[in-house]
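What follows is a single structure, written as structure tokens, with notes after it.
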Amino acid sequence: MNENMQDAADDGLVERAKSGQMEAYVELVRRIQEKIYHTIFGMTRNHEDADDLTQETFMYAYKALDSFKLKSSFYTWAYRIAVNLTLNHLKKKGREKGREDFEDSAAVFDRTEYAALSPEGDSLKKELKEKLEEAIEKLPPAYKAAFNLVVLQGMSHAEAAKLLGCTESTVSWRMHKARKMLQARLQPYLSEV
């Protein structure tokens, strides 16, 4: 099913959900729940927070469903809610104390098969991955959100702008600044490799 057909099918489900058919809303949630979770996890780096915020996103969306005017897809609308709730959560929480394993994000870093043919290469790869994750974690929330949507979720700057509720040029600027910050934080490590 192409994207336009999917949006039309979602619009029908939205209308049914608005009229009180809970199974229609459950189907809307089922279709995008995993993507919403991964977006939130990419921003929080915490499974419990991602679970809670995913649930909060869909509870908020259900309560606000009557205000959804179908000017965007349900998917885009729910992502915008998720990103805003997560940014608010990160602002309230400040820096996280504990961090969990990032097994879900490992695939992104495995795309670069650098130096993986020896035990030393595996060790360097693991160390570089850890340094990169630490550097991403230290990005300011707005930059981290843009970085996660574009790099980890594979969205275009235009798609990320829709979800973040800003212009495409703002996303491009945040990506530029995020890359500069990451480069500065990783420079001491990269010069040793």
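Identifiers in this document derive from the order of the structure tokens: chains are assigned A, B, ..., residues are numbered from 1 separately in each chain, and ligands are numbered from 1 in order of occurrence.
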Shell around Arg31 in chain A at 12 Å using only C-alpha atoms, local window under 6 positions removed, as an mmCIF file with N, CA and C atoms, in the first residue's frame:
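Output file selection-v5.cif is given in full below:
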data_model
loop_
_atom_site.group_PDB
_atom_site.id
_atom_site.type_symbol
_atom_site.label_atom_id
_atom_site.label_comp_id
_atom_site.auth_asym_id
_atom_site.auth_seq_id
_atom_site.Cartn_x
_atom_site.Cartn_y
_atom_site.Cartn_z
ATOM 1 N N GLN A 6 -2.313 4.623 2.363
ATOM 2 C CA GLN A 6 -2.209 4.379 3.801
ATOM 3 C C GLN A 6 -2.814 5.546 4.577
ATOM 4 N N ASP A 7 -2.498 6.779 4.157
ATOM 5 C CA ASP A 7 -3.057 7.958 4.821
ATOM 6 C C ASP A 7 -4.582 7.980 4.707
ATOM 7 N N ALA A 9 -6.560 5.365 4.359
ATOM 8 C CA ALA A 9 -7.061 4.315 5.249
ATOM 9 C C ALA A 9 -7.009 4.795 6.701
ATOM 10 N N ASP A 10 -5.930 5.473 7.065
ATOM 11 C CA ASP A 10 -5.810 6.024 8.416
ATOM 12 C C ASP A 10 -6.885 7.070 8.677
ATOM 13 N N LEU A 13 -9.985 5.414 9.639
ATOM 14 C CA LEU A 13 -9.892 4.924 11.018
ATOM 15 C C LEU A 13 -10.031 6.071 12.019
ATOM 16 N N ALA A 24 -10.967 1.009 16.155
ATOM 17 C CA ALA A 24 -10.336 1.806 15.095
ATOM 18 C C ALA A 24 -9.120 2.539 15.655
ATOM 19 N N TYR A 25 -9.246 3.094 16.860
ATOM 20 C CA TYR A 25 -8.103 3.783 17.477
ATOM 21 C C TYR A 25 -6.990 2.794 17.796
ATOM 22 N N TYR A 37 7.781 4.511 19.602
ATOM 23 C CA TYR A 37 8.657 4.050 20.685
ATOM 24 C C TYR A 37 10.123 4.290 20.339
ATOM 25 N N PHE A 74 -2.244 10.974 10.527
ATOM 26 C CA PHE A 74 -2.296 10.619 11.942
ATOM 27 C C PHE A 74 -0.885 10.345 12.450
ATOM 28 N N TYR A 75 -0.097 9.680 11.624
ATOM 29 C CA TYR A 75 1.294 9.347 11.919
ATOM 30 C C TYR A 75 2.095 10.615 12.260
ATOM 31 N N ALA A 78 0.755 12.239 15.569
ATOM 32 C CA ALA A 78 1.168 11.491 16.762
ATOM 33 C C ALA A 78 2.670 11.662 17.019
#
For this session: Write out as a ChimeraX atom specification which residues come within 7 Å of range 174-176 of chain A when counting only C-alpha atoms, dropping same-chain ones fewer than 2 positions away.
Result: /A:143,146-147,170-172,178-180
Exercise. If we count only C-alpha atoms, what is near Asp51 in chain A at a cut-off of 12 Å, once residues fewer than 3 positions away on the same chain are taken out, given as a PyMOL selection string?
Worked result: chain A and resi 33-34+36-41+44-48+54-58+82+86
With N, CA and C atoms retained, write the just-selected residues as a PDB file, in the first residue's frame.
ATOM      1  N   GLN A  33       2.935   2.340  16.639  1.00  0.00           N
ATOM      2  CA  GLN A  33       3.455   2.271  18.004  1.00  0.00           C
ATOM      3  C   GLN A  33       4.961   2.009  18.056  1.00  0.00           C
ATOM      4  N   GLU A  34       5.444   1.082  17.265  1.00  0.00           N
ATOM      5  CA  GLU A  34       6.864   0.741  17.295  1.00  0.00           C
ATOM      6  C   GLU A  34       7.733   1.922  16.845  1.00  0.00           C
ATOM      7  N   ILE A  36       6.942   5.115  16.994  1.00  0.00           N
ATOM      8  CA  ILE A  36       6.875   6.140  18.039  1.00  0.00           C
ATOM      9  C   ILE A  36       7.827   5.766  19.182  1.00  0.00           C
ATOM     10  N   TYR A  37       7.781   4.511  19.602  1.00  0.00           N
ATOM     11  CA  TYR A  37       8.657   4.050  20.685  1.00  0.00           C
ATOM     12  C   TYR A  37      10.123   4.290  20.339  1.00  0.00           C
ATOM     13  N   HIS A  38      10.536   3.902  19.139  1.00  0.00           N
ATOM     14  CA  HIS A  38      11.947   4.046  18.750  1.00  0.00           C
ATOM     15  C   HIS A  38      12.365   5.507  18.666  1.00  0.00           C
ATOM     16  N   THR A  39      11.470   6.372  18.236  1.00  0.00           N
ATOM     17  CA  THR A  39      11.775   7.805  18.214  1.00  0.00           C
ATOM     18  C   THR A  39      12.012   8.307  19.637  1.00  0.00           C
ATOM     19  N   ILE A  40      11.111   7.950  20.534  1.00  0.00           N
ATOM     20  CA  ILE A  40      11.241   8.398  21.926  1.00  0.00           C
ATOM     21  C   ILE A  40      12.487   7.800  22.564  1.00  0.00           C
ATOM     22  N   PHE A  41      12.726   6.523  22.318  1.00  0.00           N
ATOM     23  CA  PHE A  41      13.913   5.882  22.881  1.00  0.00           C
ATOM     24  C   PHE A  41      15.188   6.550  22.361  1.00  0.00           C
ATOM     25  N   THR A  44      15.504   9.632  24.543  1.00  0.00           N
ATOM     26  CA  THR A  44      15.682   9.467  25.994  1.00  0.00           C
ATOM     27  C   THR A  44      16.786   8.495  26.357  1.00  0.00           C
ATOM     28  N   ARG A  45      17.042   7.527  25.497  1.00  0.00           N
ATOM     29  CA  ARG A  45      18.017   6.463  25.768  1.00  0.00           C
ATOM     30  C   ARG A  45      17.662   5.688  27.039  1.00  0.00           C
ATOM     31  N   ASN A  46      16.377   5.563  27.288  1.00  0.00           N
ATOM     32  CA  ASN A  46      15.926   4.886  28.498  1.00  0.00           C
ATOM     33  C   ASN A  46      14.640   4.130  28.149  1.00  0.00           C
ATOM     34  N   HIS A  47      14.670   2.802  28.338  1.00  0.00           N
ATOM     35  CA  HIS A  47      13.524   1.972  27.964  1.00  0.00           C
ATOM     36  C   HIS A  47      12.272   2.295  28.783  1.00  0.00           C
ATOM     37  N   GLU A  48      12.428   2.483  30.076  1.00  0.00           N
ATOM     38  CA  GLU A  48      11.261   2.791  30.920  1.00  0.00           C
ATOM     39  C   GLU A  48      10.622   4.112  30.511  1.00  0.00           C
ATOM     40  N   THR A  54       5.596   6.673  25.381  1.00  0.00           N
ATOM     41  CA  THR A  54       4.813   6.114  24.278  1.00  0.00           C
ATOM     42  C   THR A  54       3.360   5.978  24.710  1.00  0.00           C
ATOM     43  N   GLN A  55       3.158   5.429  25.895  1.00  0.00           N
ATOM     44  CA  GLN A  55       1.799   5.293  26.416  1.00  0.00           C
ATOM     45  C   GLN A  55       1.151   6.671  26.604  1.00  0.00           C
ATOM     46  N   GLU A  56       1.914   7.617  27.142  1.00  0.00           N
ATOM     47  CA  GLU A  56       1.395   8.969  27.347  1.00  0.00           C
ATOM     48  C   GLU A  56       1.027   9.625  26.009  1.00  0.00           C
ATOM     49  N   THR A  57       1.844   9.389  24.987  1.00  0.00           N
ATOM     50  CA  THR A  57       1.573   9.937  23.651  1.00  0.00           C
ATOM     51  C   THR A  57       0.202   9.482  23.152  1.00  0.00           C
ATOM     52  N   PHE A  58      -0.051   8.174  23.252  1.00  0.00           N
ATOM     53  CA  PHE A  58      -1.307   7.661  22.716  1.00  0.00           C
ATOM     54  C   PHE A  58      -2.505   8.010  23.603  1.00  0.00           C
ATOM     55  N   ALA A  82       4.496  13.014  20.350  1.00  0.00           N
ATOM     56  CA  ALA A  82       5.555  12.240  21.011  1.00  0.00           C
ATOM     57  C   ALA A  82       6.823  13.069  21.204  1.00  0.00           C
ATOM     58  N   THR A  86       8.296  14.292  24.779  1.00  0.00           N
ATOM     59  CA  THR A  86       9.645  13.850  25.131  1.00  0.00           C
ATOM     60  C   THR A  86      10.556  15.038  25.415  1.00  0.00           C
TER      61      THR A  86
END
Exercise. Closest to His89 in chain A among A:Ala50, A:Leu65, A:Ala184, A:Met59, using only C-alpha atoms?
Worked result: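 Comparing A:Ala50, A:Leu65, A:Ala184, A:Met59 against His89 in chain A, the winner is A:Ala50.
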Problem set entry | Contact residues around Lys138 in chain A with only C-alpha atoms at 10 Å, ignoring same-chain residues under 6 positions, as number ranges by chain | A: 95, 132, 144, 181-182, 185
Dump of C-alpha atoms for the selected residues, as a short mmCIF file (atom, residue, chain, number, x, y, z; two decimals), in the first residue's frame:
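Generated file (again_34.cif):
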data_model
loop_
_atom_site.label_atom_id
_atom_site.label_comp_id
_atom_site.auth_asym_id
_atom_site.auth_seq_id
_atom_site.Cartn_x
_atom_site.Cartn_y
_atom_site.Cartn_z
CA ARG A 95 20.45 15.03 32.64
CA LEU A 132 29.46 8.44 19.89
CA LYS A 144 19.22 15.62 19.79
CA MET A 181 29.17 19.51 18.52
CA LEU A 182 29.65 15.79 17.89
CA ARG A 185 33.44 16.01 21.32
#
For this session: Give me every helix (DSSP H, G or I) residue in range 126-191 of chain A, going by DSSP on the backbone, as a ChimeraX atom specification.
Result: /A:126-137,141-152,157-164,168-190
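Straight-line separation from CA of Leu85 in chain A to CA of Tyr60 in chain A: 9.5 Å.
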Problem set entry | Residue contacts of Ser169 in chain A (12 Å, only C-alpha atoms) excluding same-chain residues fewer than 6 positions away, as a list of chain:residue names | A:Ala146, A:Ser156, A:His157, A:Ala158, A:Glu159, A:Ala160, A:Ala161, A:Lys162, A:Met175, A:His176
Please produce a file of the residues just selected, as a PDB file, in the first residue's frame, where the atoms kept are C-alpha atoms.
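The result, stored in again-v8.pdb:
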ATOM      1  CA  ALA A 146      16.576  16.605  15.059  1.00  0.00           C
ATOM      2  CA  SER A 156      14.406  13.857   5.487  1.00  0.00           C
ATOM      3  CA  HIS A 157      14.849  17.363   6.902  1.00  0.00           C
ATOM      4  CA  ALA A 158      11.350  18.188   5.617  1.00  0.00           C
ATOM      5  CA  GLU A 159       9.783  15.194   7.395  1.00  0.00           C
ATOM      6  CA  ALA A 160      11.622  16.004  10.627  1.00  0.00           C
ATOM      7  CA  ALA A 161      10.507  19.650  10.374  1.00  0.00           C
ATOM      8  CA  LYS A 162       6.853  18.548  10.188  1.00  0.00           C
ATOM      9  CA  MET A 175      21.761  19.169  12.173  1.00  0.00           C
ATOM     10  CA  HIS A 176      24.717  21.388  11.231  1.00  0.00           C
TER      11      HIS A 176
END
